[in-house]
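> Pasting a structure here, questions to come.
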Amino acid sequence: MIEAILGSFIVGWNTLAGYLAEHVLTCLIPAFFIAGAIAAFVKKEVILKYFSPDARKSIAYGLASISGTVLAVCSCTILPMFAGLFKRGSGIGPATTFLYAGPAINILAIVYTANVLGFDLGVARAAFAIAMAIIIGLIMAAIFRSHDEETKKNMTTMPSVPAGRETDRPRWVVPLFFVFLVGILIAGTAQADWMIKFPVIYALTIGIAVLVIYFFERDEVSEWGLETWDLTKKIFPILIAGTFILGMISYFIPPETFSPFFGTNSFTSSLLAAIVGTILYMPTLLEVPVIGTTFGYTSGIMAGGPALALLLSGPSVSLPSLLVISRIMGAKKTAAYAVLVILSSAIAGMIYGMIIG
């Protein structure tokens, strides 16, 4: 018993250490600064125009659903940006569409899937992910209509950027500021050598420093720092604890345990795969070798339906991310979101399984 507990602690620590090494510097730190900037600098009029409950659905859900084509991030990295949008007054539908789409519609991951697991599975992943992101957001907006009504009331009293801040600042400064921030995130997560990535990140950081020094007031920069720290202290500890606990659980229930149950294209197999994907933490791109080798898709042990269900649920949600989401939008909304991801992934897997036979 003692050996099992000690072994689970070692696996939990190794999982956490690997997570910190892979994600903190290149993913989470830039993401937290982007989220803080959204909360500090994005005017409520912008949110009202594109992501508010009253925004045109075609624009709100369209923009949110293609966010993953720009942000090559995993479920943990999208959380701070989701928190920034949610805090600033985004409608729950566009916000959850953005939350799912960010990791799900990752161009790099989709291309990698097509190359390693097959072209048909890569195309199916892209098509179903876009459709699911929009459907999940629309259903969340329909279920929690009262939340959006409350958001509308709050937005009427929410202060915008204080008067006088932007009178002497060119309009291109804030957009360029965000371009530099997102550029650092993209460069940091790119599959390239650090000899290439570091000069790019360094140049973008210098660009941000120049903008901050010459175009932003001191109280604005302070607000950015405070917003970034506020989101960090709310989200980061939960991610750390959740990742460690998940590593301990994987010691007792390794992924190979479920392989015998993924051999058919039935709804039951796809549902189980979606549930496993929702619980496991799989960083972006790691889901491809896990499904190909650990679960046995490339060797014919795992059927196509469960493979797609796992691809659709695994990168987008995980136990640590769900713990964080519950702090952002509450347990009831988080439970609804998780159920929608699981069911829609299972249905997509079953449909794909029927198509490929």
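We label chains A, B, ... in the order they appear in the structure tokens, count residues from 1 in each chain, and number ligands from 1 in the order shown.
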With only C-alpha atoms as the counted atoms, please give the residues lying no more than 7 Å from region 3-10 of chain A, apart from itself and same-chain residues fewer than 4 positions off, as a PyMOL selection string.
chain A and resi 14+248+251
> Write out as an mmCIF file with all heavy atoms, in the first residue's frame which residues come within 8 Å of region 312-315 of chain A when counting only C-alpha atoms, dropping same-chain ones fewer than 2 positions away.

data_model
loop_
_atom_site.group_PDB
_atom_site.id
_atom_site.type_symbol
_atom_site.label_atom_id
_atom_site.label_comp_id
_atom_site.auth_asym_id
_atom_site.auth_seq_id
_atom_site.Cartn_x
_atom_site.Cartn_y
_atom_site.Cartn_z
ATOM 1 N N CYS A 74 -3.258 24.737 -25.841
ATOM 2 C CA CYS A 74 -3.983 23.619 -25.256
ATOM 3 C C CYS A 74 -5.035 24.161 -24.290
ATOM 4 O O CYS A 74 -5.176 25.360 -24.092
ATOM 5 C CB CYS A 74 -3.019 22.679 -24.534
ATOM 6 S SG CYS A 74 -2.073 23.470 -23.219
ATOM 7 N N SER A 75 -5.772 23.259 -23.661
ATOM 8 C CA SER A 75 -6.908 23.673 -22.830
ATOM 9 C C SER A 75 -6.475 24.543 -21.654
ATOM 10 O O SER A 75 -7.203 25.451 -21.251
ATOM 11 C CB SER A 75 -7.647 22.440 -22.309
ATOM 12 O OG SER A 75 -6.784 21.620 -21.534
ATOM 13 N N PRO A 103 -8.319 25.271 -28.247
ATOM 14 C CA PRO A 103 -7.462 24.079 -28.360
ATOM 15 C C PRO A 103 -7.923 23.117 -29.451
ATOM 16 O O PRO A 103 -7.101 22.381 -30.000
ATOM 17 C CB PRO A 103 -7.611 23.410 -26.978
ATOM 18 C CG PRO A 103 -8.353 24.389 -26.122
ATOM 19 C CD PRO A 103 -9.157 25.250 -27.040
ATOM 20 N N ALA A 104 -9.230 23.083 -29.752
ATOM 21 C CA ALA A 104 -9.758 22.045 -30.653
ATOM 22 C C ALA A 104 -9.395 22.286 -32.104
ATOM 23 O O ALA A 104 -9.075 21.353 -32.840
ATOM 24 C CB ALA A 104 -11.283 21.953 -30.504
ATOM 25 N N ARG A 125 -11.727 15.619 -37.840
ATOM 26 C CA ARG A 125 -11.452 16.376 -36.620
ATOM 27 C C ARG A 125 -11.693 17.864 -36.827
ATOM 28 O O ARG A 125 -12.330 18.520 -35.985
ATOM 29 C CB ARG A 125 -10.012 16.132 -36.170
ATOM 30 C CG ARG A 125 -9.640 16.901 -34.910
ATOM 31 C CD ARG A 125 -8.185 16.678 -34.516
ATOM 32 N NE ARG A 125 -7.916 17.341 -33.245
ATOM 33 C CZ ARG A 125 -6.736 17.349 -32.638
ATOM 34 N NH1 ARG A 125 -5.709 16.707 -33.177
ATOM 35 N NH2 ARG A 125 -6.574 17.980 -31.483
ATOM 36 N N PHE A 128 -15.708 18.523 -37.522
ATOM 37 C CA PHE A 128 -16.554 18.334 -36.337
ATOM 38 C C PHE A 128 -16.204 19.332 -35.235
ATOM 39 O O PHE A 128 -17.084 19.774 -34.485
ATOM 40 C CB PHE A 128 -16.422 16.901 -35.806
ATOM 41 C CG PHE A 128 -17.286 15.910 -36.527
ATOM 42 C CD1 PHE A 128 -16.723 14.982 -37.385
ATOM 43 C CD2 PHE A 128 -18.660 15.909 -36.356
ATOM 44 C CE1 PHE A 128 -17.517 14.056 -38.061
ATOM 45 C CE2 PHE A 128 -19.466 14.989 -37.015
ATOM 46 C CZ PHE A 128 -18.899 14.060 -37.874
ATOM 47 N N ALA A 129 -14.931 19.703 -35.096
ATOM 48 C CA ALA A 129 -14.527 20.648 -34.047
ATOM 49 C C ALA A 129 -15.172 22.012 -34.256
ATOM 50 O O ALA A 129 -15.660 22.635 -33.307
ATOM 51 C CB ALA A 129 -13.016 20.765 -33.998
ATOM 52 N N ALA A 274 -14.868 9.663 -25.079
ATOM 53 C CA ALA A 274 -15.071 11.083 -24.784
ATOM 54 C C ALA A 274 -14.914 11.369 -23.297
ATOM 55 O O ALA A 274 -14.338 12.394 -22.903
ATOM 56 C CB ALA A 274 -16.449 11.519 -25.259
ATOM 57 N N ILE A 275 -15.404 10.460 -22.470
ATOM 58 C CA ILE A 275 -15.280 10.635 -21.010
ATOM 59 C C ILE A 275 -13.815 10.548 -20.589
ATOM 60 O O ILE A 275 -13.327 11.362 -19.794
ATOM 61 C CB ILE A 275 -16.120 9.581 -20.269
ATOM 62 C CG1 ILE A 275 -17.621 9.832 -20.512
ATOM 63 C CG2 ILE A 275 -15.832 9.609 -18.767
ATOM 64 C CD1 ILE A 275 -18.518 8.733 -19.984
ATOM 65 N N VAL A 276 -13.109 9.565 -21.115
ATOM 66 C CA VAL A 276 -11.675 9.415 -20.798
ATOM 67 C C VAL A 276 -10.907 10.651 -21.259
ATOM 68 O O VAL A 276 -10.052 11.172 -20.534
ATOM 69 C CB VAL A 276 -11.116 8.145 -21.460
ATOM 70 C CG1 VAL A 276 -9.593 8.096 -21.335
ATOM 71 C CG2 VAL A 276 -11.723 6.907 -20.829
ATOM 72 N N GLY A 277 -11.228 11.144 -22.469
ATOM 73 C CA GLY A 277 -10.568 12.342 -22.964
ATOM 74 C C GLY A 277 -10.840 13.562 -22.114
ATOM 75 O O GLY A 277 -9.970 14.427 -21.953
ATOM 76 N N THR A 278 -12.037 13.640 -21.560
ATOM 77 C CA THR A 278 -12.401 14.776 -20.709
ATOM 78 C C THR A 278 -11.651 14.756 -19.389
ATOM 79 O O THR A 278 -11.340 15.805 -18.822
ATOM 80 C CB THR A 278 -13.922 14.772 -20.453
ATOM 81 O OG1 THR A 278 -14.605 14.830 -21.707
ATOM 82 C CG2 THR A 278 -14.343 15.956 -19.595
ATOM 83 N N ILE A 279 -11.355 13.564 -18.886
ATOM 84 C CA ILE A 279 -10.662 13.446 -17.595
ATOM 85 C C ILE A 279 -9.150 13.619 -17.764
ATOM 86 O O ILE A 279 -8.500 14.331 -17.000
ATOM 87 C CB ILE A 279 -10.971 12.081 -16.952
ATOM 88 C CG1 ILE A 279 -12.471 11.988 -16.622
ATOM 89 C CG2 ILE A 279 -10.141 11.890 -15.682
ATOM 90 C CD1 ILE A 279 -12.898 10.625 -16.146
ATOM 91 N N LEU A 280 -8.589 12.964 -18.785
ATOM 92 C CA LEU A 280 -7.142 13.021 -18.984
ATOM 93 C C LEU A 280 -6.683 14.424 -19.373
ATOM 94 O O LEU A 280 -7.437 15.185 -19.961
ATOM 95 C CB LEU A 280 -6.723 12.044 -20.086
ATOM 96 C CG LEU A 280 -6.809 10.548 -19.792
ATOM 97 C CD1 LEU A 280 -6.399 9.764 -21.026
ATOM 98 C CD2 LEU A 280 -5.912 10.171 -18.620
ATOM 99 N N TYR A 281 -5.444 14.737 -19.039
ATOM 100 C CA TYR A 281 -4.838 15.967 -19.535
ATOM 101 C C TYR A 281 -3.881 15.609 -20.665
ATOM 102 O O TYR A 281 -2.917 14.871 -20.459
ATOM 103 C CB TYR A 281 -4.081 16.725 -18.444
ATOM 104 C CG TYR A 281 -3.289 17.870 -19.025
ATOM 105 C CD1 TYR A 281 -3.953 18.980 -19.549
ATOM 106 C CD2 TYR A 281 -1.913 17.823 -19.103
ATOM 107 C CE1 TYR A 281 -3.251 20.015 -20.133
ATOM 108 C CE2 TYR A 281 -1.197 18.857 -19.668
ATOM 109 C CZ TYR A 281 -1.876 19.950 -20.181
ATOM 110 O OH TYR A 281 -1.173 20.972 -20.767
ATOM 111 N N MET A 282 -4.166 16.107 -21.874
ATOM 112 C CA MET A 282 -3.308 15.830 -23.024
ATOM 113 C C MET A 282 -2.899 17.151 -23.661
ATOM 114 O O MET A 282 -3.735 17.820 -24.280
ATOM 115 C CB MET A 282 -4.037 14.953 -24.048
ATOM 116 C CG MET A 282 -4.285 13.535 -23.577
ATOM 117 S SD MET A 282 -4.871 12.429 -24.894
ATOM 118 C CE MET A 282 -6.528 13.051 -25.129
ATOM 119 N N PRO A 283 -1.644 17.564 -23.493
ATOM 120 C CA PRO A 283 -1.186 18.798 -24.135
ATOM 121 C C PRO A 283 -1.347 18.722 -25.643
ATOM 122 O O PRO A 283 -1.394 17.639 -26.228
ATOM 123 C CB PRO A 283 0.295 18.874 -23.731
ATOM 124 C CG PRO A 283 0.422 17.992 -22.541
ATOM 125 C CD PRO A 283 -0.587 16.912 -22.714
ATOM 126 N N THR A 284 -1.424 19.883 -26.286
ATOM 127 C CA THR A 284 -1.564 19.943 -27.733
ATOM 128 C C THR A 284 -0.474 19.132 -28.425
ATOM 129 O O THR A 284 0.703 19.223 -28.066
ATOM 130 C CB THR A 284 -1.495 21.409 -28.200
ATOM 131 O OG1 THR A 284 -2.560 22.123 -27.589
ATOM 132 C CG2 THR A 284 -1.645 21.510 -29.702
ATOM 133 N N GLU A 287 -1.899 14.322 -27.955
ATOM 134 C CA GLU A 287 -3.037 13.418 -28.124
ATOM 135 C C GLU A 287 -2.866 12.490 -29.316
ATOM 136 O O GLU A 287 -3.414 11.378 -29.339
ATOM 137 C CB GLU A 287 -4.340 14.230 -28.275
ATOM 138 C CG GLU A 287 -4.529 14.930 -29.610
ATOM 139 C CD GLU A 287 -3.859 16.280 -29.683
ATOM 140 O OE1 GLU A 287 -3.127 16.621 -28.735
ATOM 141 O OE2 GLU A 287 -4.088 17.004 -30.672
ATOM 142 N N LEU A 308 -11.831 9.527 -32.891
ATOM 143 C CA LEU A 308 -12.268 10.897 -33.146
ATOM 144 C C LEU A 308 -12.867 11.514 -31.881
ATOM 145 O O LEU A 308 -12.607 12.687 -31.578
ATOM 146 C CB LEU A 308 -13.300 10.928 -34.277
ATOM 147 C CG LEU A 308 -13.850 12.315 -34.611
ATOM 148 C CD1 LEU A 308 -12.740 13.242 -35.094
ATOM 149 C CD2 LEU A 308 -14.958 12.226 -35.651
ATOM 150 N N ALA A 309 -13.657 10.740 -31.140
ATOM 151 C CA ALA A 309 -14.254 11.258 -29.901
ATOM 152 C C ALA A 309 -13.181 11.703 -28.925
ATOM 153 O O ALA A 309 -13.303 12.753 -28.273
ATOM 154 C CB ALA A 309 -15.143 10.183 -29.269
ATOM 155 N N LEU A 310 -12.110 10.921 -28.834
ATOM 156 C CA LEU A 310 -11.007 11.276 -27.935
ATOM 157 C C LEU A 310 -10.251 12.495 -28.443
ATOM 158 O O LEU A 310 -9.815 13.347 -27.665
ATOM 159 C CB LEU A 310 -10.068 10.084 -27.789
ATOM 160 C CG LEU A 310 -9.085 10.086 -26.607
ATOM 161 C CD1 LEU A 310 -9.815 10.288 -25.297
ATOM 162 C CD2 LEU A 310 -8.323 8.772 -26.578
ATOM 163 N N VAL A 317 -10.682 19.798 -23.107
ATOM 164 C CA VAL A 317 -11.019 19.819 -21.680
ATOM 165 C C VAL A 317 -10.185 18.779 -20.953
ATOM 166 O O VAL A 317 -9.695 17.830 -21.553
ATOM 167 C CB VAL A 317 -12.531 19.534 -21.435
ATOM 168 C CG1 VAL A 317 -13.385 20.699 -21.835
ATOM 169 C CG2 VAL A 317 -12.978 18.276 -22.162
ATOM 170 N N SER A 318 -10.039 18.976 -19.670
ATOM 171 C CA SER A 318 -9.339 18.026 -18.818
ATOM 172 C C SER A 318 -9.789 18.285 -17.393
ATOM 173 O O SER A 318 -10.436 19.301 -17.101
ATOM 174 C CB SER A 318 -7.818 18.204 -18.936
ATOM 175 O OG SER A 318 -7.430 19.488 -18.438
ATOM 176 N N VAL A 341 -19.632 18.751 -24.128
ATOM 177 C CA VAL A 341 -18.424 18.316 -24.830
ATOM 178 C C VAL A 341 -18.405 16.791 -24.960
ATOM 179 O O VAL A 341 -18.119 16.246 -26.037
ATOM 180 C CB VAL A 341 -17.156 18.811 -24.100
ATOM 181 C CG1 VAL A 341 -15.902 18.159 -24.705
ATOM 182 C CG2 VAL A 341 -17.040 20.317 -24.189
ATOM 183 N N ILE A 342 -18.747 16.104 -23.873
ATOM 184 C CA ILE A 342 -18.733 14.635 -23.892
ATOM 185 C C ILE A 342 -19.763 14.087 -24.879
ATOM 186 O O ILE A 342 -19.452 13.238 -25.723
ATOM 187 C CB ILE A 342 -18.994 14.083 -22.472
ATOM 188 C CG1 ILE A 342 -17.798 14.383 -21.558
ATOM 189 C CG2 ILE A 342 -19.253 12.575 -22.518
ATOM 190 C CD1 ILE A 342 -18.056 14.071 -20.096
ATOM 191 N N SER A 345 -18.943 15.002 -28.572
ATOM 192 C CA SER A 345 -17.793 14.222 -29.041
ATOM 193 C C SER A 345 -18.200 12.781 -29.328
ATOM 194 O O SER A 345 -17.772 12.192 -30.333
ATOM 195 C CB SER A 345 -16.671 14.248 -27.997
ATOM 196 O OG SER A 345 -16.214 15.558 -27.749
#
> May I ask for the distance between CA of Pro30 (chain A) and CA of Pro80 (chain A), given in Å to one decimal place?
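Value for the CA of Pro30 (chain A)-CA of Pro80 (chain A) distance: 9.7 Å.
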> Restricting the calculation to only C-alpha atoms, which member of A:Ala64, A:Val173, A:Ala241, A:Ala187 is positioned closest to Met132 (chain A)?
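The shortest atom-to-atom distance to Met132 (chain A) comes from A:Ala64.
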> Measure the distance from CA of Ile301 (chain A) to CA of Ala133 (chain A) in Å and round it to one decimal.
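Rounded to one decimal, the two atoms are 28.8 Å apart.
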> With only C-alpha atoms as the atoms that count, which of A:Tyr352, A:Tyr337, A:Tyr297, A:Phe262 lies nearest to Ile92 (chain A)?
A:Tyr337
> By how many Å are CA of Phe252 (chain A) and CA of Thr294 (chain A) apart?
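If I compute the distance from CA of Phe252 (chain A) to CA of Thr294 (chain A), I get 15.8 Å.
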> Counting only C-alpha atoms, what is within 9 Å of Leu63 (chain A), bar same-chain residues fewer than 5 positions away, as a list of chain:residue names?
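My list of contacting residues is A:Tyr50, A:Phe51, A:Ser58, A:Pro94, A:Phe98.
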> May I have the residues from that selection written out with N, CA and C atoms, as a short mmCIF file (atom, residue, chain, number, x, y, z; two decimals), in the first residue's frame?

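File produced: out-v3.cif:
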data_model
loop_
_atom_site.label_atom_id
_atom_site.label_comp_id
_atom_site.auth_asym_id
_atom_site.auth_seq_id
_atom_site.Cartn_x
_atom_site.Cartn_y
_atom_site.Cartn_z
N TYR A 50 -18.64 42.50 -30.64
CA TYR A 50 -18.30 41.20 -31.19
C TYR A 50 -18.74 39.99 -30.36
N PHE A 51 -18.74 40.11 -29.03
CA PHE A 51 -18.97 38.92 -28.21
C PHE A 51 -20.07 39.07 -27.17
N SER A 58 -23.71 35.44 -36.14
CA SER A 58 -22.80 35.02 -37.20
C SER A 58 -21.39 35.55 -36.96
N PRO A 94 -20.67 32.85 -26.98
CA PRO A 94 -19.38 33.09 -27.65
C PRO A 94 -18.17 32.75 -26.78
N PHE A 98 -15.36 30.04 -27.82
CA PHE A 98 -13.93 30.38 -27.80
C PHE A 98 -13.16 29.40 -26.92
#
> Per DSSP on the backbone, what are the alpha helix (DSSP H) residues of region 189-355 of chain A, as a PyMOL selection string?
chain A and resi 189+194-215+218-252+267-279+287-289+304-313+319-329+331-355
> In terms of the shortest atom-to-atom distance over only C-alpha atoms, which of A:Val111, A:Leu185, A:Ile2, A:Ala17 is closest to Ala35 (chain A)?
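Selected residue with least distance to Ala35 (chain A): A:Leu185.
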> Would you please work out which residue, of A:Phe41, A:Ile206, A:Leu16, A:Leu28, is nearest to Glu220 (chain A) when using only C-alpha atoms?
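Ranked by minimum distance to Glu220 (chain A), first place goes to A:Phe41.
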> Leaving out Lys197 (chain A) and any residue of its chain fewer than 3 positions from it, which residues lie within 12 Å of it when counting only C-alpha atoms, given as a compact mmCIF listing (two decimals) with N, CA and C atoms, in the first residue's frame?

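And here is the file that came out, out.txt:
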# COMPACT_ATOMS: atom_id res chain seq x y z
N THR A 26 6.47 29.00 -22.09
CA THR A 26 6.08 29.27 -23.47
C THR A 26 4.58 29.50 -23.65
N GLY A 183 1.79 37.22 -30.76
CA GLY A 183 2.96 36.75 -31.48
C GLY A 183 3.93 36.02 -30.58
N ILE A 184 4.11 36.51 -29.36
CA ILE A 184 4.98 35.83 -28.39
C ILE A 184 4.43 34.46 -28.05
N LEU A 185 3.10 34.38 -27.85
CA LEU A 185 2.46 33.10 -27.54
C LEU A 185 2.64 32.11 -28.69
N ILE A 186 2.40 32.57 -29.92
CA ILE A 186 2.53 31.69 -31.08
C ILE A 186 3.98 31.25 -31.27
N ALA A 187 4.92 32.19 -31.13
CA ALA A 187 6.34 31.85 -31.29
C ALA A 187 6.80 30.87 -30.21
N GLY A 188 6.31 31.09 -28.98
CA GLY A 188 6.72 30.23 -27.88
C GLY A 188 6.22 28.80 -28.02
N THR A 189 5.05 28.63 -28.63
CA THR A 189 4.47 27.29 -28.77
C THR A 189 4.80 26.65 -30.12
N ALA A 190 5.49 27.37 -30.99
CA ALA A 190 5.81 26.84 -32.32
C ALA A 190 6.80 25.68 -32.21
N GLN A 191 6.65 24.73 -33.12
CA GLN A 191 7.57 23.58 -33.16
C GLN A 191 8.82 23.97 -33.96
N ALA A 192 9.63 24.79 -33.34
CA ALA A 192 10.85 25.27 -33.99
C ALA A 192 11.99 25.31 -32.98
N ASP A 193 13.19 25.39 -33.49
CA ASP A 193 14.37 25.44 -32.63
C ASP A 193 14.40 26.77 -31.88
N TRP A 194 14.95 26.73 -30.64
CA TRP A 194 15.01 27.96 -29.84
C TRP A 194 15.93 29.00 -30.46
N VAL A 200 12.88 35.95 -32.27
CA VAL A 200 11.53 36.45 -32.55
C VAL A 200 10.86 36.95 -31.27
N ILE A 201 10.92 36.13 -30.22
CA ILE A 201 10.32 36.51 -28.94
C ILE A 201 11.00 37.76 -28.38
N TYR A 202 12.31 37.83 -28.51
CA TYR A 202 13.06 38.99 -28.00
C TYR A 202 12.63 40.26 -28.73
N ALA A 203 12.51 40.18 -30.06
CA ALA A 203 12.11 41.35 -30.84
C ALA A 203 10.69 41.80 -30.49
N LEU A 204 9.78 40.83 -30.32
CA LEU A 204 8.40 41.17 -29.96
C LEU A 204 8.34 41.79 -28.56
> Using only C-alpha atoms, determine which residues lie at most 12 Å from Val324 (chain A), disregarding the query and same-chain residues fewer than 4 positions distant; provide the list as a PyMOL selection string.
chain A and resi 75-80+82-83+231-243+317-320+328-331+334
> What does the file look like for those residues with N, CA, C and O atoms, as a short mmCIF file (atom, residue, chain, number, x, y, z; two decimals), in the first residue's frame?

data_model
loop_
_atom_site.label_atom_id
_atom_site.label_comp_id
_atom_site.auth_asym_id
_atom_site.auth_seq_id
_atom_site.Cartn_x
_atom_site.Cartn_y
_atom_site.Cartn_z
N SER A 75 -5.77 23.26 -23.66
CA SER A 75 -6.91 23.67 -22.83
C SER A 75 -6.48 24.54 -21.65
O SER A 75 -7.20 25.45 -21.25
N CYS A 76 -5.28 24.30 -21.11
CA CYS A 76 -4.84 25.09 -19.95
C CYS A 76 -4.49 26.51 -20.35
O CYS A 76 -4.72 27.45 -19.60
N THR A 77 -3.94 26.68 -21.55
CA THR A 77 -3.49 28.00 -21.99
C THR A 77 -4.64 28.91 -22.36
O THR A 77 -4.55 30.13 -22.23
N ILE A 78 -5.74 28.35 -22.84
CA ILE A 78 -6.88 29.16 -23.26
C ILE A 78 -7.63 29.72 -22.06
O ILE A 78 -8.37 30.71 -22.18
N LEU A 79 -7.45 29.11 -20.88
CA LEU A 79 -8.24 29.49 -19.71
C LEU A 79 -8.07 30.95 -19.30
O LEU A 79 -9.06 31.63 -19.03
N PRO A 80 -6.83 31.47 -19.20
CA PRO A 80 -6.72 32.88 -18.81
C PRO A 80 -7.41 33.83 -19.79
O PRO A 80 -8.04 34.81 -19.38
N PHE A 82 -9.95 33.09 -21.77
CA PHE A 82 -11.39 32.90 -21.55
C PHE A 82 -11.85 33.67 -20.33
O PHE A 82 -12.90 34.33 -20.35
N ALA A 83 -11.06 33.63 -19.25
CA ALA A 83 -11.42 34.36 -18.04
C ALA A 83 -11.46 35.86 -18.29
O ALA A 83 -12.35 36.57 -17.79
N LEU A 231 -5.70 37.18 -12.23
CA LEU A 231 -6.05 35.96 -12.96
C LEU A 231 -5.07 34.84 -12.65
O LEU A 231 -5.46 33.67 -12.53
N THR A 232 -3.79 35.18 -12.49
CA THR A 232 -2.78 34.16 -12.22
C THR A 232 -3.03 33.47 -10.89
O THR A 232 -2.99 32.24 -10.79
N LYS A 233 -3.31 34.25 -9.85
CA LYS A 233 -3.49 33.64 -8.53
C LYS A 233 -4.79 32.85 -8.43
O LYS A 233 -4.92 31.96 -7.58
N LYS A 234 -5.76 33.16 -9.29
CA LYS A 234 -7.01 32.40 -9.29
C LYS A 234 -6.88 31.08 -10.05
O LYS A 234 -7.49 30.08 -9.69
N ILE A 235 -6.10 31.09 -11.12
CA ILE A 235 -6.07 29.95 -12.04
C ILE A 235 -4.88 29.03 -11.82
O ILE A 235 -5.02 27.80 -11.77
N PHE A 236 -3.68 29.59 -11.66
CA PHE A 236 -2.46 28.79 -11.65
C PHE A 236 -2.43 27.74 -10.54
O PHE A 236 -2.07 26.57 -10.80
N PRO A 237 -2.76 28.06 -9.28
CA PRO A 237 -2.72 27.03 -8.23
C PRO A 237 -3.64 25.85 -8.52
O PRO A 237 -3.27 24.70 -8.23
N ILE A 238 -4.82 26.12 -9.10
CA ILE A 238 -5.74 25.02 -9.41
C ILE A 238 -5.16 24.13 -10.50
O ILE A 238 -5.27 22.90 -10.44
N LEU A 239 -4.53 24.74 -11.50
CA LEU A 239 -3.90 23.95 -12.55
C LEU A 239 -2.79 23.07 -12.01
O LEU A 239 -2.67 21.90 -12.39
N ILE A 240 -2.00 23.62 -11.11
CA ILE A 240 -0.90 22.86 -10.52
C ILE A 240 -1.43 21.67 -9.74
O ILE A 240 -0.99 20.52 -9.91
N ALA A 241 -2.41 21.93 -8.85
CA ALA A 241 -2.98 20.86 -8.03
C ALA A 241 -3.67 19.80 -8.89
O ALA A 241 -3.50 18.60 -8.68
N GLY A 242 -4.44 20.26 -9.88
CA GLY A 242 -5.16 19.33 -10.73
C GLY A 242 -4.23 18.44 -11.55
O GLY A 242 -4.49 17.24 -11.71
N THR A 243 -3.15 19.02 -12.07
CA THR A 243 -2.19 18.24 -12.86
C THR A 243 -1.49 17.19 -12.00
O THR A 243 -1.30 16.05 -12.42
N VAL A 317 -10.68 19.80 -23.11
CA VAL A 317 -11.02 19.82 -21.68
C VAL A 317 -10.18 18.78 -20.95
O VAL A 317 -9.70 17.83 -21.55
N SER A 318 -10.04 18.98 -19.67
CA SER A 318 -9.34 18.03 -18.82
C SER A 318 -9.79 18.29 -17.39
O SER A 318 -10.44 19.30 -17.10
N LEU A 319 -9.46 17.37 -16.51
CA LEU A 319 -9.84 17.55 -15.11
C LEU A 319 -9.28 18.84 -14.53
O LEU A 319 -10.01 19.61 -13.89
N PRO A 320 -7.98 19.16 -14.73
CA PRO A 320 -7.48 20.44 -14.20
C PRO A 320 -8.19 21.65 -14.79
O PRO A 320 -8.51 22.60 -14.06
N ILE A 328 -14.30 30.14 -12.60
CA ILE A 328 -14.56 31.29 -13.45
C ILE A 328 -16.05 31.50 -13.65
O ILE A 328 -16.57 32.61 -13.52
N MET A 329 -16.78 30.43 -13.99
CA MET A 329 -18.20 30.60 -14.30
C MET A 329 -19.14 29.75 -13.46
O MET A 329 -20.33 29.68 -13.75
N GLY A 330 -18.63 29.09 -12.43
CA GLY A 330 -19.50 28.36 -11.52
C GLY A 330 -19.63 26.88 -11.86
O GLY A 330 -19.43 26.47 -13.00
N ALA A 331 -19.99 26.09 -10.86
CA ALA A 331 -20.04 24.64 -11.01
C ALA A 331 -21.15 24.21 -11.97
O ALA A 331 -20.95 23.28 -12.77
N THR A 334 -20.14 24.89 -15.58
CA THR A 334 -19.02 24.02 -15.93
C THR A 334 -19.50 22.59 -16.18
O THR A 334 -19.06 21.94 -17.13
#
